[in-house]
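Here is query.cif, consisting of mmCIF, C-alpha atoms:
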data_my_file
#
loop_
_atom_site.label_atom_id
_atom_site.label_comp_id
_atom_site.auth_asym_id
_atom_site.auth_seq_id
_atom_site.Cartn_x
_atom_site.Cartn_y
_atom_site.Cartn_z
CA MET A 22 -10.42 28.15 57.56
CA ARG A 23 -9.75 30.64 54.80
CA SER A 24 -6.17 29.36 54.48
CA HIS A 25 -7.40 25.79 53.94
CA GLY A 26 -9.94 27.03 51.41
CA SER A 27 -7.31 29.05 49.59
CA ALA A 28 -5.00 26.04 49.39
CA ALA A 29 -7.77 23.86 48.00
CA ASP A 30 -8.71 26.53 45.47
CA ALA A 31 -5.06 26.79 44.41
CA ILE A 32 -4.83 23.03 43.89
CA VAL A 33 -8.00 23.06 41.77
CA LEU A 34 -6.68 25.99 39.74
CA ILE A 35 -3.32 24.25 39.17
CA ALA A 36 -5.13 21.07 38.12
CA LYS A 37 -7.28 23.00 35.62
CA PHE A 38 -4.25 24.73 34.14
CA THR A 39 -2.41 21.40 33.93
CA VAL A 40 -5.30 19.74 32.12
CA LEU A 41 -5.61 22.73 29.80
CA ALA A 42 -1.88 22.76 29.06
CA LEU A 43 -1.81 19.01 28.37
CA SER A 44 -4.86 19.33 26.10
CA ILE A 45 -3.18 22.09 24.13
CA VAL A 46 0.01 20.06 23.79
CA TRP A 47 -1.99 16.99 22.74
CA LEU A 48 -3.90 18.95 20.09
CA ALA A 49 -0.66 20.43 18.80
CA VAL A 50 0.91 16.96 18.54
CA VAL A 51 -2.22 15.64 16.80
CA PHE A 52 -2.25 18.51 14.30
CA TRP A 53 1.47 18.43 13.54
CA ASN A 54 1.62 14.67 13.00
CA SER A 55 -1.48 14.76 10.80
CA ALA A 56 -0.10 17.45 8.50
CA LYS A 57 3.70 17.41 8.83
CA PRO A 58 5.85 17.37 5.65
CA LEU A 59 6.14 13.96 4.05
CA PRO A 60 9.58 12.33 4.21
CA PRO A 61 11.59 11.89 0.98
CA GLY A 62 10.58 9.05 -1.29
CA THR A 63 6.87 9.21 -0.49
CA HIS A 64 3.94 10.48 -2.61
CA THR A 65 5.81 9.54 -5.77
CA VAL A 66 4.50 10.20 -9.28
CA SER A 67 7.02 9.03 -11.83
CA GLN A 68 7.37 10.31 -15.34
CA SER A 69 5.59 8.14 -17.85
CA ALA A 70 7.69 5.41 -19.41
CA ARG A 71 6.83 3.70 -22.65
CA LEU A 72 7.14 -0.07 -22.83
CA ALA A 73 6.63 -2.64 -25.54
CA GLU A 74 4.05 -5.37 -25.02
CA SER A 75 6.89 -7.89 -24.59
CA GLU A 76 8.16 -5.86 -21.61
CA VAL A 77 4.97 -6.25 -19.52
CA ASP A 78 3.76 -9.53 -18.01
CA PHE A 79 0.59 -10.01 -15.96
CA LEU A 80 1.05 -12.63 -13.23
CA ASP A 81 -1.95 -14.84 -12.52
CA ASP A 82 -1.06 -17.45 -9.93
CA SER A 83 -4.57 -18.33 -8.74
CA PRO A 84 -4.88 -19.75 -6.18
CA PRO A 85 -1.82 -18.01 -4.74
CA ARG A 86 1.12 -20.16 -3.68
CA GLY A 87 1.63 -18.13 -0.50
CA GLY A 88 5.30 -17.54 -1.24
CA SER A 89 7.10 -15.27 -3.67
CA PRO A 90 6.11 -15.25 -7.36
CA ALA A 91 8.45 -17.24 -9.59
CA ALA A 92 9.07 -14.15 -11.75
CA GLU A 93 10.23 -12.21 -8.68
CA LEU A 94 12.64 -14.96 -7.66
CA ALA A 95 13.92 -15.21 -11.23
CA ALA A 96 14.69 -11.48 -11.22
CA ILE A 97 16.75 -11.95 -8.05
CA ASP A 98 18.57 -14.95 -9.49
CA HIS A 99 19.69 -13.02 -12.60
CA ALA A 100 20.89 -9.81 -10.90
CA GLU A 101 24.56 -8.87 -11.22
CA GLN A 102 24.81 -5.34 -9.78
CA LEU A 103 21.81 -4.22 -7.70
CA ILE A 104 18.63 -5.57 -6.11
CA VAL A 105 16.26 -3.26 -4.23
CA LEU A 106 13.22 -4.85 -2.65
CA ASP A 107 10.50 -3.78 -0.26
CA ARG A 108 8.90 -6.82 1.34
CA SER A 109 6.79 -7.50 4.42
CA PRO A 110 6.82 -10.22 5.56
CA VAL A 111 9.99 -11.83 4.25
CA SER A 112 9.35 -15.46 3.37
CA ARG A 113 11.87 -18.23 3.86
CA GLU A 114 11.94 -18.78 0.10
CA LEU A 115 12.73 -15.13 -0.61
CA ALA A 116 15.42 -14.98 2.07
CA GLN A 117 17.08 -18.09 0.70
CA HIS A 118 17.17 -16.73 -2.86
CA LEU A 119 18.73 -13.49 -1.62
CA LEU A 120 21.37 -15.38 0.35
CA ASN A 121 22.17 -17.67 -2.59
CA ARG A 122 22.57 -14.76 -4.98
CA LYS A 123 24.73 -12.78 -2.55
CA ARG A 124 27.02 -15.78 -2.07
CA ALA A 125 27.25 -16.31 -5.82
CA ARG A 126 27.92 -12.59 -6.47
CA PRO A 127 29.66 -11.11 -3.39
CA ASN A 128 29.88 -7.64 -5.01
CA LEU A 129 26.14 -7.53 -5.71
CA LYS A 130 24.43 -4.73 -3.75
CA ILE A 131 21.17 -5.82 -2.13
CA VAL A 132 18.92 -3.41 -0.21
CA LEU A 133 15.91 -4.82 1.64
CA LEU A 134 13.28 -2.53 3.17
CA THR A 135 10.80 -4.15 5.52
CA ASP A 136 8.12 -3.31 8.06
CA PRO A 137 9.53 -3.88 11.59
CA GLY A 138 6.09 -4.91 12.81
CA ASN A 139 6.30 -8.19 10.91
CA GLU A 140 9.47 -9.07 12.77
CA ALA A 141 8.01 -8.19 16.17
CA PHE A 142 4.76 -10.07 15.64
CA GLY A 143 6.16 -13.15 13.95
CA GLY A 144 5.38 -12.55 10.26
CA THR A 145 9.11 -12.49 9.52
CA PRO A 146 11.21 -14.72 11.81
CA SER A 147 14.06 -12.60 13.15
CA GLN A 148 16.64 -15.24 12.20
CA TYR A 149 15.84 -14.66 8.52
CA LEU A 150 16.77 -10.99 8.77
CA GLU A 151 19.80 -11.70 10.95
CA SER A 152 21.16 -14.14 8.38
CA LEU A 153 20.64 -11.59 5.60
CA GLU A 154 22.49 -8.92 7.57
CA GLN A 155 25.36 -11.28 8.35
CA ALA A 156 25.70 -12.01 4.63
CA GLY A 157 26.23 -8.30 3.90
CA ILE A 158 22.75 -7.42 2.72
CA ILE A 159 21.67 -3.88 3.64
CA LEU A 160 18.57 -4.10 5.82
CA ALA A 161 16.36 -1.05 6.39
CA ARG A 162 13.62 -1.53 8.97
CA VAL A 163 11.37 1.34 7.93
CA ARG A 164 10.94 4.06 10.58
CA LEU A 165 7.18 4.26 10.32
CA ASP A 166 6.96 7.01 12.96
CA ARG A 167 8.25 9.41 10.28
CA LEU A 168 4.92 9.01 8.47
CA ARG A 169 1.80 11.00 9.25
CA ASP A 170 -0.58 9.52 11.79
CA SER A 171 -3.55 7.58 10.44
CA ASN A 172 -4.99 7.21 13.96
CA PRO A 173 -4.19 10.72 15.28
CA LEU A 174 -6.40 10.74 18.41
CA TYR A 175 -4.58 7.71 19.78
CA SER A 176 -1.20 8.53 18.26
CA GLY A 177 -1.17 11.99 19.85
CA ILE A 178 -1.40 10.43 23.31
CA TRP A 179 1.11 7.72 22.37
CA ARG A 180 3.67 10.25 21.15
CA MET A 181 3.32 12.29 24.37
CA LEU A 182 3.53 9.38 26.80
CA LEU A 183 5.33 6.50 25.07
CA GLY A 184 6.70 7.46 21.68
CA TRP A 185 9.80 9.19 22.94
CA TRP A 186 11.10 5.98 24.57
CA SER A 187 9.47 3.36 22.31
CA ASP A 188 12.04 2.80 19.58
CA PRO A 189 11.71 -0.54 17.74
CA PHE A 190 15.44 -0.46 16.99
CA ASP A 191 16.30 -0.56 20.70
CA GLU A 192 14.01 -3.48 21.54
CA PRO A 193 14.67 -7.23 21.33
CA VAL A 194 13.41 -8.52 17.99
CA GLY A 195 10.72 -11.15 17.92
CA ARG A 196 9.28 -10.18 21.33
CA VAL A 197 5.92 -8.44 21.75
CA THR A 198 6.32 -6.08 24.68
CA LEU A 199 3.95 -3.40 25.97
CA ARG A 200 5.96 -0.84 24.02
CA THR A 201 5.68 -2.96 20.86
CA TRP A 202 1.94 -3.47 21.23
CA SER A 203 1.25 0.19 21.97
CA ARG A 204 3.33 1.27 18.97
CA MET A 205 1.43 -1.07 16.64
CA ARG A 206 -1.85 0.59 17.66
CA ASN A 207 -0.69 3.57 15.62
CA LEU A 208 -1.83 1.50 12.62
CA LYS A 209 1.14 2.27 10.38
CA ALA A 210 2.49 -0.15 7.81
CA ASP A 211 4.88 -0.53 4.91
CA GLN A 212 2.98 -2.45 2.24
CA ARG A 213 4.77 -1.50 -0.96
CA GLN A 214 5.74 -5.08 -1.89
CA LEU A 215 8.03 -4.69 -4.87
CA VAL A 216 11.34 -5.96 -6.24
CA VAL A 217 13.64 -4.19 -8.72
CA ALA A 218 16.82 -5.80 -10.05
CA ASP A 219 19.21 -5.38 -12.93
CA ASP A 220 18.84 -8.17 -15.48
CA GLY A 221 22.55 -8.81 -15.95
CA ALA A 222 22.43 -7.45 -19.51
CA GLY A 223 22.21 -3.70 -18.93
CA GLY A 224 18.47 -3.54 -18.30
CA TRP A 225 16.09 -3.72 -15.34
CA THR A 226 13.27 -5.96 -14.16
CA ALA A 227 10.62 -4.77 -11.70
CA ALA A 228 8.02 -6.99 -10.05
CA LEU A 229 5.02 -5.68 -8.13
CA ALA A 230 3.14 -8.47 -6.38
CA PRO A 231 1.49 -7.90 -2.96
CA HIS A 232 2.20 -10.66 -0.45
CA GLY A 233 -0.41 -13.40 -0.65
CA SER A 234 -1.97 -11.94 -3.79
CA ALA A 235 -2.96 -14.08 -6.73
CA ILE A 236 -1.82 -11.46 -9.24
CA GLY A 237 1.04 -9.09 -9.99
CA LEU A 238 2.99 -7.34 -12.74
CA VAL A 239 6.49 -7.74 -14.11
CA LEU A 240 7.90 -4.75 -15.99
CA ARG A 241 11.14 -4.43 -17.89
CA GLY A 242 12.57 -1.10 -18.96
CA SER A 243 13.00 2.47 -17.82
CA LEU A 244 10.35 2.64 -15.06
CA ALA A 245 12.69 0.82 -12.69
CA ARG A 246 14.80 3.91 -11.94
CA ALA A 247 11.86 5.80 -10.39
CA MET A 248 11.08 2.82 -8.19
CA ILE A 249 14.69 2.47 -7.04
CA VAL A 250 15.09 6.19 -6.30
CA SER A 251 11.95 6.24 -4.12
CA GLU A 252 13.03 3.13 -2.20
CA LEU A 253 16.57 4.36 -1.62
CA GLN A 254 15.24 7.65 -0.25
CA ILE A 255 13.13 5.76 2.29
CA ALA A 256 16.07 3.51 3.14
CA ALA A 257 18.22 6.60 3.75
CA TRP A 258 15.98 7.89 6.57
CA SER A 259 15.35 4.41 7.95
CA THR A 260 18.95 3.30 8.44
CA ASP A 261 22.34 4.85 9.12
CA ASP A 262 24.07 2.34 6.86
CA ASP A 263 26.59 4.20 4.68
CA ARG A 264 26.71 1.36 2.14
CA LEU A 265 23.53 2.43 0.36
CA PRO A 266 24.16 2.43 -3.40
CA ALA A 267 24.03 5.47 -5.64
CA ARG A 268 20.94 6.08 -7.74
CA PRO A 269 21.08 4.48 -11.19
CA PRO A 270 21.58 6.81 -14.18
CA MET A 271 18.63 8.30 -16.04
CA GLN A 272 17.22 6.24 -18.89
CA GLY A 273 15.26 7.22 -21.96
CA ARG A 274 11.48 7.09 -22.03
CA GLY A 275 11.52 3.96 -24.16
CA VAL A 276 9.39 2.92 -27.10
CA GLY A 277 6.25 0.82 -27.38
CA SER A 278 2.48 1.00 -27.08
CA ILE A 279 2.09 0.88 -23.27
CA ASP A 280 2.49 3.97 -21.09
CA VAL A 281 3.42 3.17 -17.48
CA ARG A 282 3.76 5.24 -14.30
CA PHE A 283 4.88 4.34 -10.80
CA LEU A 284 2.64 5.80 -8.07
CA THR A 285 2.83 5.68 -4.29
CA GLU A 286 0.69 6.67 -1.30
CA GLY A 287 -1.44 9.78 -1.83
CA ALA A 288 -0.65 9.93 -5.54
CA ILE A 289 -2.69 6.76 -6.13
CA PRO A 290 -6.24 8.13 -5.51
CA ALA A 291 -5.74 11.05 -7.90
CA ALA A 292 -4.79 8.56 -10.61
CA LEU A 293 -7.81 6.40 -9.78
CA ARG A 294 -10.14 9.38 -10.06
CA ASP A 295 -8.53 10.60 -13.28
CA GLY A 296 -8.89 7.16 -14.83
CA MET A 297 -12.58 6.95 -13.95
CA ALA A 298 -13.20 10.56 -15.02
CA ALA A 299 -12.54 9.55 -18.63
CA ALA A 300 -15.34 6.95 -18.56
CA GLY A 301 -18.71 7.89 -19.98
CA GLY A 302 -21.65 6.32 -21.76
CA GLY A 303 -20.81 2.90 -23.18
CA ASP A 304 -17.58 2.59 -21.20
CA ALA A 305 -16.88 0.07 -18.45
CA ILE A 306 -15.21 0.20 -15.03
CA ASP A 307 -14.27 -3.03 -13.26
CA PHE A 308 -12.41 -3.34 -10.00
CA ALA A 309 -11.59 -5.76 -7.23
CA VAL A 310 -10.46 -4.52 -3.84
CA ASP A 311 -10.15 -5.84 -0.30
CA ASP A 312 -11.61 -2.74 1.37
CA LEU A 313 -13.48 0.16 -0.24
CA GLY A 314 -14.19 3.23 1.88
CA GLU A 315 -12.32 6.28 0.52
CA ARG A 316 -14.98 8.88 -0.18
CA ARG A 317 -13.39 10.53 -3.23
CA VAL A 318 -13.05 7.15 -4.95
CA ILE A 319 -16.66 6.26 -4.16
CA GLU A 320 -17.83 9.63 -5.51
CA ALA A 321 -15.84 9.04 -8.71
CA VAL A 322 -17.49 5.62 -9.14
CA LEU A 323 -20.97 7.08 -8.73
CA ALA A 324 -20.18 10.01 -11.05
CA ALA A 325 -19.02 7.61 -13.78
CA ALA A 326 -22.20 5.58 -13.35
CA ALA A 327 -24.27 8.77 -13.64
CA ARG A 328 -22.52 9.52 -16.97
CA GLY A 329 -23.62 6.14 -18.27
CA SER A 330 -20.66 3.90 -17.50
CA HIS A 331 -21.29 0.31 -16.44
CA VAL A 332 -19.48 -0.45 -13.16
CA ARG A 333 -18.72 -3.84 -11.62
CA VAL A 334 -17.30 -3.86 -8.09
CA LEU A 335 -15.85 -7.01 -6.52
CA LEU A 336 -15.32 -6.78 -2.75
CA ALA A 337 -13.96 -9.03 -0.03
CA ARG A 338 -16.52 -10.25 2.50
CA ASN A 339 -15.62 -7.65 5.11
CA GLY A 340 -18.33 -6.14 7.30
CA MET A 341 -16.73 -2.71 7.62
CA PRO A 342 -16.50 -0.78 5.40
CA ASN A 343 -17.59 -3.01 2.53
CA LEU A 344 -21.11 -3.88 3.67
CA SER A 345 -22.11 -0.24 4.05
CA VAL A 346 -20.38 0.86 0.85
CA ALA A 347 -21.94 -1.96 -1.17
CA GLY A 348 -25.38 -0.82 -0.09
CA GLU A 349 -24.57 2.78 -0.95
CA LEU A 350 -23.32 1.89 -4.43
CA LEU A 351 -26.38 -0.22 -5.20
CA ARG A 352 -28.75 2.49 -3.96
CA GLU A 353 -27.02 5.45 -5.61
CA GLY A 354 -25.66 3.78 -8.71
CA ALA A 355 -28.75 4.36 -10.86
CA GLY A 356 -28.89 0.69 -11.80
CA ARG A 357 -25.46 0.90 -13.47
CA VAL A 358 -23.40 -0.44 -10.56
CA GLU A 359 -23.17 -4.14 -9.80
CA VAL A 360 -21.53 -5.43 -6.62
CA ARG A 361 -20.43 -8.96 -5.82
CA TRP A 362 -18.54 -10.68 -3.00
CA ARG A 363 -15.25 -12.26 -3.93
CA ALA A 364 -15.01 -16.03 -3.57
CA ALA A 365 -12.42 -17.28 -1.09
CA GLU A 366 -10.62 -19.27 -3.79
CA ALA A 367 -9.93 -16.05 -5.71
CA GLY A 368 -7.19 -15.35 -3.17
CA ALA A 369 -6.39 -12.40 -0.96
CA HIS A 370 -5.11 -8.88 -1.59
CA LEU A 371 -6.67 -8.12 -4.95
CA ASN A 372 -6.48 -4.35 -5.39
CA PHE A 373 -6.82 -3.25 -9.00
CA LEU A 374 -9.08 -1.09 -11.16
CA ILE A 375 -9.77 -1.28 -14.90
CA VAL A 376 -11.31 1.38 -17.15
CA LEU A 377 -12.26 0.36 -20.68
CA HIS A 378 -12.75 3.58 -22.66
CA GLY A 379 -13.36 2.95 -26.32
CA GLY A 380 -10.33 1.09 -27.60
CA ASP A 381 -8.16 2.15 -24.66
CA PHE A 382 -7.50 0.02 -21.58
CA TRP A 383 -6.41 1.67 -18.31
CA LEU A 384 -5.18 -0.37 -15.34
CA ASN A 385 -4.11 0.59 -11.81
CA LEU A 386 -2.74 -2.35 -9.82
CA GLY A 387 -0.92 -2.30 -6.50
CA SER A 388 -0.89 -2.96 -2.79
CA ALA A 389 -3.32 -0.30 -1.56
CA ASN A 390 -6.85 -0.87 -0.41
CA PHE A 391 -9.20 1.91 -1.49
CA THR A 392 -9.48 3.43 1.99
CA ARG A 393 -8.35 6.64 3.63
CA ARG A 394 -5.58 4.90 5.55
CA ASN A 395 -4.07 3.44 2.38
CA LEU A 396 -4.64 6.39 0.02
CA ASP A 397 -3.99 9.49 2.12
CA ASP A 398 -0.19 9.47 2.58
CA LEU A 399 -0.45 7.51 5.84
CA ASP A 400 0.90 4.05 4.96
CA LEU A 401 3.61 3.17 2.45
CA GLU A 402 1.82 1.83 -0.63
CA ALA A 403 2.79 1.28 -4.27
CA ALA A 404 0.91 0.93 -7.54
CA VAL A 405 1.59 0.85 -11.26
CA GLU A 406 -0.63 2.59 -13.79
CA LEU A 407 -0.75 1.28 -17.37
CA ARG A 408 -2.47 2.76 -20.41
CA MET A 409 -2.55 0.52 -23.46
CA PRO A 410 -4.68 -0.58 -26.39
CA ALA A 411 -7.48 -2.93 -25.35
CA ARG A 412 -6.13 -5.45 -27.85
CA ALA A 413 -2.75 -5.68 -26.04
CA ALA A 414 -1.93 -9.09 -24.57
CA THR A 415 -1.66 -7.69 -21.02
CA ALA A 416 -5.05 -5.96 -21.34
CA ARG A 417 -6.69 -9.16 -22.53
CA ALA A 418 -5.06 -11.17 -19.74
CA VAL A 419 -6.27 -8.77 -17.03
CA ALA A 420 -9.78 -8.58 -18.52
CA ASP A 421 -9.98 -12.38 -18.71
CA TYR A 422 -8.82 -12.67 -15.11
CA PHE A 423 -11.46 -10.25 -13.86
CA ALA A 424 -14.15 -12.06 -15.86
CA LYS A 425 -13.09 -15.34 -14.24
CA ILE A 426 -13.23 -14.11 -10.64
CA TRP A 427 -16.43 -12.13 -11.32
CA ALA A 428 -18.15 -15.26 -12.61
CA GLY A 429 -17.23 -17.11 -9.42
CA ALA A 430 -18.40 -14.34 -7.07
CA ALA A 431 -21.65 -14.08 -5.13
CA VAL A 432 -24.22 -11.38 -5.84
CA ALA A 433 -24.07 -8.74 -3.10
CA ALA A 434 -27.70 -7.74 -2.96
CA ASP A 435 -28.46 -10.17 -0.13
CA ARG A 436 -25.60 -8.79 2.01
CA ALA A 437 -25.67 -5.09 1.20
CA ASP A 438 -28.28 -3.88 3.63
CA ALA A 439 -26.28 -2.30 6.45
CA SER A 440 -28.24 -0.22 8.92
CA ALA A 441 -27.99 3.56 9.03
CA ALA A 442 -26.11 3.23 12.32
CA ASP A 443 -23.54 0.92 10.70
CA TYR A 444 -23.15 3.26 7.74
CA TRP A 445 -22.44 6.31 9.92
CA ARG A 446 -20.17 4.24 12.14
CA TYR A 447 -18.11 3.44 9.04
CA ARG A 448 -18.10 7.11 8.00
CA PHE A 449 -16.92 8.17 11.46
CA ALA A 450 -14.19 5.51 11.56
CA GLU A 451 -13.00 6.44 8.06
CA ALA A 452 -12.88 10.17 8.82
CA THR A 453 -11.15 9.92 12.21
CA GLY A 454 -8.80 7.01 11.57
CA LEU A 455 -10.25 5.06 14.51
CA SER A 456 -10.34 1.87 12.45
CA SER A 457 -8.04 -0.84 11.18
CA PHE A 458 -9.14 -0.53 7.54
#
Render the structure in this file as structure tokens.
Amino acid sequence: MRSHGSAADAIVLIAKFTVLALSIVWLAVVFWNSAKPLPPGTHTVSQSARLAESEVDFLDDSPPRGGSPAAELAAIDHAEQLIVLDRSPVSRELAQHLLNRKRARPNLKIVLLTDPGNEAFGGTPSQYLESLEQAGIILARVRLDRLRDSNPLYSGIWRMLLGWWSDPFDEPVGRVTLRTWSRMRNLKADQRQLVVADDGAGGWTAALAPHGSAIGLVLRGSLARAMIVSELQIAAWSTDDDRLPARPPMQGRGVGSIDVRFLTEGAIPAALRDGMAAAGGGDAIDFAVDDLGERRVIEAVLAAAARGSHVRVLLARNGMPNLSVAGELLREGAGRVEVRWRAAEAGAHLNFLIVLHGGDFWLNLGSANFTRRNLDDLDLEAAVELRMPARAATARAVADYFAKIWAGAAVAADRADASAADYWRYRFAEATGLSSF
């Protein structure tokens, strides 16, 4: 009897040690992939470039056409030497313009970075990308597993059990398999959405216009190099293609009245907070965003309101996190924060923030929602920061656009009464990454 008991005890002991060992490995994987060094090309803060007013255009295509902005396609059509673009999904219109330009200029280098998830789940038909590759265009399906994990509790298990044999580059494109679906639950994305091209006359044109957005920016001048360098670094660790072009030469800072910086990933929230930190009594902060949940941004909004700034917040009609955050801003904003719900006809993917400080106008516009997932070096995101006189044409155009969509929005007071349970559910989801926002 003692031998049977000893065998059973041994099995229990082995099971306990196995569970303990797996738990330790899981925690180690979770920790490492939440804090590992960022790959090259991420968390970019460019040097400030100076542009003339004629070198900056604000795109207002409301309602959005659903395809690529005309200014973006025009930049592609005029390129002679190099086009670098980061797009997900790739529309038929965009693919056709790239093919036409490559056929017209066979020596033109074109580098396309894209999120492989759009190909697997049908956002980008695989035949579009195949035709681009066959034409000689360099295609880099971004290796998102190199990024830190936004959903670490799940991703730790996925990396232990599935990640080592779930490589999107070894799977049939356009088919959603169990491996594809489980990989997508890591909630990683490339959302940079930009195009940079030479203008055929020795200069550069850069367009930043999130897919499906009603707005965007076109910039000409020296900022383009920083954007190209960051994109080529990401392309280098996402593909083994040895045809990647060399980085363009350094350019001067430029001249003009508008200071511009290119920002990506975790560099964006610091810029948002710095912009709002300058606002005080008599100043104004206006912003429109799909999802608002990042705590440091919310604290900066409330601090500016406490200093006497007037804040207007335009949110999409999303239950989480926006409903809870709207209620918090209205309660804690000392009567200086207004919140409204964006009308459907205003279009999707509006993520920009304005600070009017005296005669200065500060703008941050890009692809990122104001949430932990988008602002904490977890997804690939891009934004442009502009500082200019409030009288500048671009400043007036952006201010007029915000006034237009604000006037058409619904007051949030009737939908900003989330329960305490909903509020803490949002806080838990934001902190742990167990959310899709």
Decode the PyMOL selection byres ((chain A and resi 264) around 10) for the given file into explicit residues and return them as JSON, numbers by chain.
{"A": [130, 132, 157, 158, 159, 261, 262, 263, 265, 266, 267]}
For Arg408 of chain A: contacts at 6 Å, only C-alpha atoms, fewer than 5 positions along chain excluded, given as a PyMOL selection string: chain A and resi 279-280+382-383
Step by step, gather every atom of segment 64-78 of chain A that the file lists, find the box along x, y and z that holds them, add 8 Å on each side, and finally give centre and edge lengths in Å to one decimal, as lines of an AutoDock Vina configuration file.
center_x = 6.0
center_y = 0.5
center_z = -14.1
size_x = 20.4
size_y = 36.0
size_z = 38.9
Quick one: residues within 12 Å of Asn395 of chain A, only C-alpha atoms counted, chain neighbours fewer than 6 positions away excluded, as a PDB file with C-alpha atoms, in the frame of the given file?
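Below you can see selection23.pdb, which holds the result:
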ATOM      1  CA  HIS A  64       3.940  10.480  -2.610  1.00  0.00           C
ATOM      2  CA  ARG A 169       1.800  11.000   9.250  1.00  0.00           C
ATOM      3  CA  ASP A 170      -0.580   9.520  11.790  1.00  0.00           C
ATOM      4  CA  SER A 171      -3.550   7.580  10.440  1.00  0.00           C
ATOM      5  CA  LEU A 208      -1.830   1.500  12.620  1.00  0.00           C
ATOM      6  CA  LYS A 209       1.140   2.270  10.380  1.00  0.00           C
ATOM      7  CA  ALA A 210       2.490  -0.150   7.810  1.00  0.00           C
ATOM      8  CA  ASP A 211       4.880  -0.530   4.910  1.00  0.00           C
ATOM      9  CA  GLN A 212       2.980  -2.450   2.240  1.00  0.00           C
ATOM     10  CA  ARG A 213       4.770  -1.500  -0.960  1.00  0.00           C
ATOM     11  CA  THR A 285       2.830   5.680  -4.290  1.00  0.00           C
ATOM     12  CA  GLU A 286       0.690   6.670  -1.300  1.00  0.00           C
ATOM     13  CA  GLY A 287      -1.440   9.780  -1.830  1.00  0.00           C
ATOM     14  CA  ALA A 288      -0.650   9.930  -5.540  1.00  0.00           C
ATOM     15  CA  ILE A 289      -2.690   6.760  -6.130  1.00  0.00           C
ATOM     16  CA  PRO A 290      -6.240   8.130  -5.510  1.00  0.00           C
ATOM     17  CA  VAL A 310     -10.460  -4.520  -3.840  1.00  0.00           C
ATOM     18  CA  ASP A 311     -10.150  -5.840  -0.300  1.00  0.00           C
ATOM     19  CA  ASP A 312     -11.610  -2.740   1.370  1.00  0.00           C
ATOM     20  CA  LEU A 313     -13.480   0.160  -0.240  1.00  0.00           C
ATOM     21  CA  GLY A 314     -14.190   3.230   1.880  1.00  0.00           C
ATOM     22  CA  GLU A 315     -12.320   6.280   0.520  1.00  0.00           C
ATOM     23  CA  ASN A 372      -6.480  -4.350  -5.390  1.00  0.00           C
ATOM     24  CA  GLY A 387      -0.920  -2.300  -6.500  1.00  0.00           C
ATOM     25  CA  SER A 388      -0.890  -2.960  -2.790  1.00  0.00           C
ATOM     26  CA  ALA A 389      -3.320  -0.300  -1.560  1.00  0.00           C
ATOM     27  CA  LEU A 401       3.610   3.170   2.450  1.00  0.00           C
ATOM     28  CA  GLU A 402       1.820   1.830  -0.630  1.00  0.00           C
ATOM     29  CA  ALA A 403       2.790   1.280  -4.270  1.00  0.00           C
ATOM     30  CA  ALA A 404       0.910   0.930  -7.540  1.00  0.00           C
ATOM     31  CA  GLU A 451     -13.000   6.440   8.060  1.00  0.00           C
ATOM     32  CA  GLY A 454      -8.800   7.010  11.570  1.00  0.00           C
ATOM     33  CA  SER A 456     -10.340   1.870  12.450  1.00  0.00           C
ATOM     34  CA  SER A 457      -8.040  -0.840  11.180  1.00  0.00           C
ATOM     35  CA  PHE A 458      -9.140  -0.530   7.540  1.00  0.00           C
TER      36      PHE A 458
END
>> I'd like the neighbourhood of Ser109 of chain A as an NGL selection string, where a residue qualifies if any of its atoms comes within 8 Å (using all atoms listed in the file), though same-chain residues fewer than 4 positions away should be ignored.
In response: :A and (135-136 or 139 or 144-145 or 211-212 or 214 or 232)
Using all atoms listed in the file, the shortest atom-to-atom distance to Gly302 of chain A among A:Arg333, A:His118, A:Arg357, A:Arg108 belongs to A:Arg357
Across A:Ala235, A:Ala96, A:Leu134, A:Leu160, the smallest distance to Ser251 of chain A, with only C-alpha atoms counted, is shown by A:Leu134
(message) With all atoms listed in the file as the counted atoms, please give the residues lying no more than 8 Å from Leu244 of chain A, apart from itself and same-chain residues fewer than 4 positions off, as a ChimeraX atom specification.
(response) /A:67,69-70,240,248,281-283
Those selected residues, please, written with C-alpha atoms and delivered as a PDB file, in the coordinates of the input.
ATOM      1  CA  SER A  67       7.020   9.030 -11.830  1.00  0.00           C
ATOM      2  CA  SER A  69       5.590   8.140 -17.850  1.00  0.00           C
ATOM      3  CA  ALA A  70       7.690   5.410 -19.410  1.00  0.00           C
ATOM      4  CA  LEU A 240       7.900  -4.750 -15.990  1.00  0.00           C
ATOM      5  CA  MET A 248      11.080   2.820  -8.190  1.00  0.00           C
ATOM      6  CA  VAL A 281       3.420   3.170 -17.480  1.00  0.00           C
ATOM      7  CA  ARG A 282       3.760   5.240 -14.300  1.00  0.00           C
ATOM      8  CA  PHE A 283       4.880   4.340 -10.800  1.00  0.00           C
TER       9      PHE A 283
END
From atom CA of Arg393 of chain A to atom CA of Ile255 of chain A the spacing works out at 21.5 Å
Exercise for the section: Would you kindly translate the PyMOL selection byres ((chain A and resi 377) around 9) into the concrete residues it picks from this file, as a ChimeraX atom specification? Expected result: /A:300,304-307,375-376,378-384,411
Might you spell out which residues the PyMOL selection byres ((chain A and resi 161) around 6) would select in the displayed file, as a ChimeraX atom specification? /A:134,160,162-163,256,259-260
Export of prior selection with C-alpha atoms as an mmCIF file, in the frame of the given file:
data_model
loop_
_atom_site.group_PDB
_atom_site.id
_atom_site.type_symbol
_atom_site.label_atom_id
_atom_site.label_comp_id
_atom_site.auth_asym_id
_atom_site.auth_seq_id
_atom_site.Cartn_x
_atom_site.Cartn_y
_atom_site.Cartn_z
ATOM 1 C CA LEU A 134 13.280 -2.530 3.170
ATOM 2 C CA LEU A 160 18.570 -4.100 5.820
ATOM 3 C CA ARG A 162 13.620 -1.530 8.970
ATOM 4 C CA VAL A 163 11.370 1.340 7.930
ATOM 5 C CA ALA A 256 16.070 3.510 3.140
ATOM 6 C CA SER A 259 15.350 4.410 7.950
ATOM 7 C CA THR A 260 18.950 3.300 8.440
#
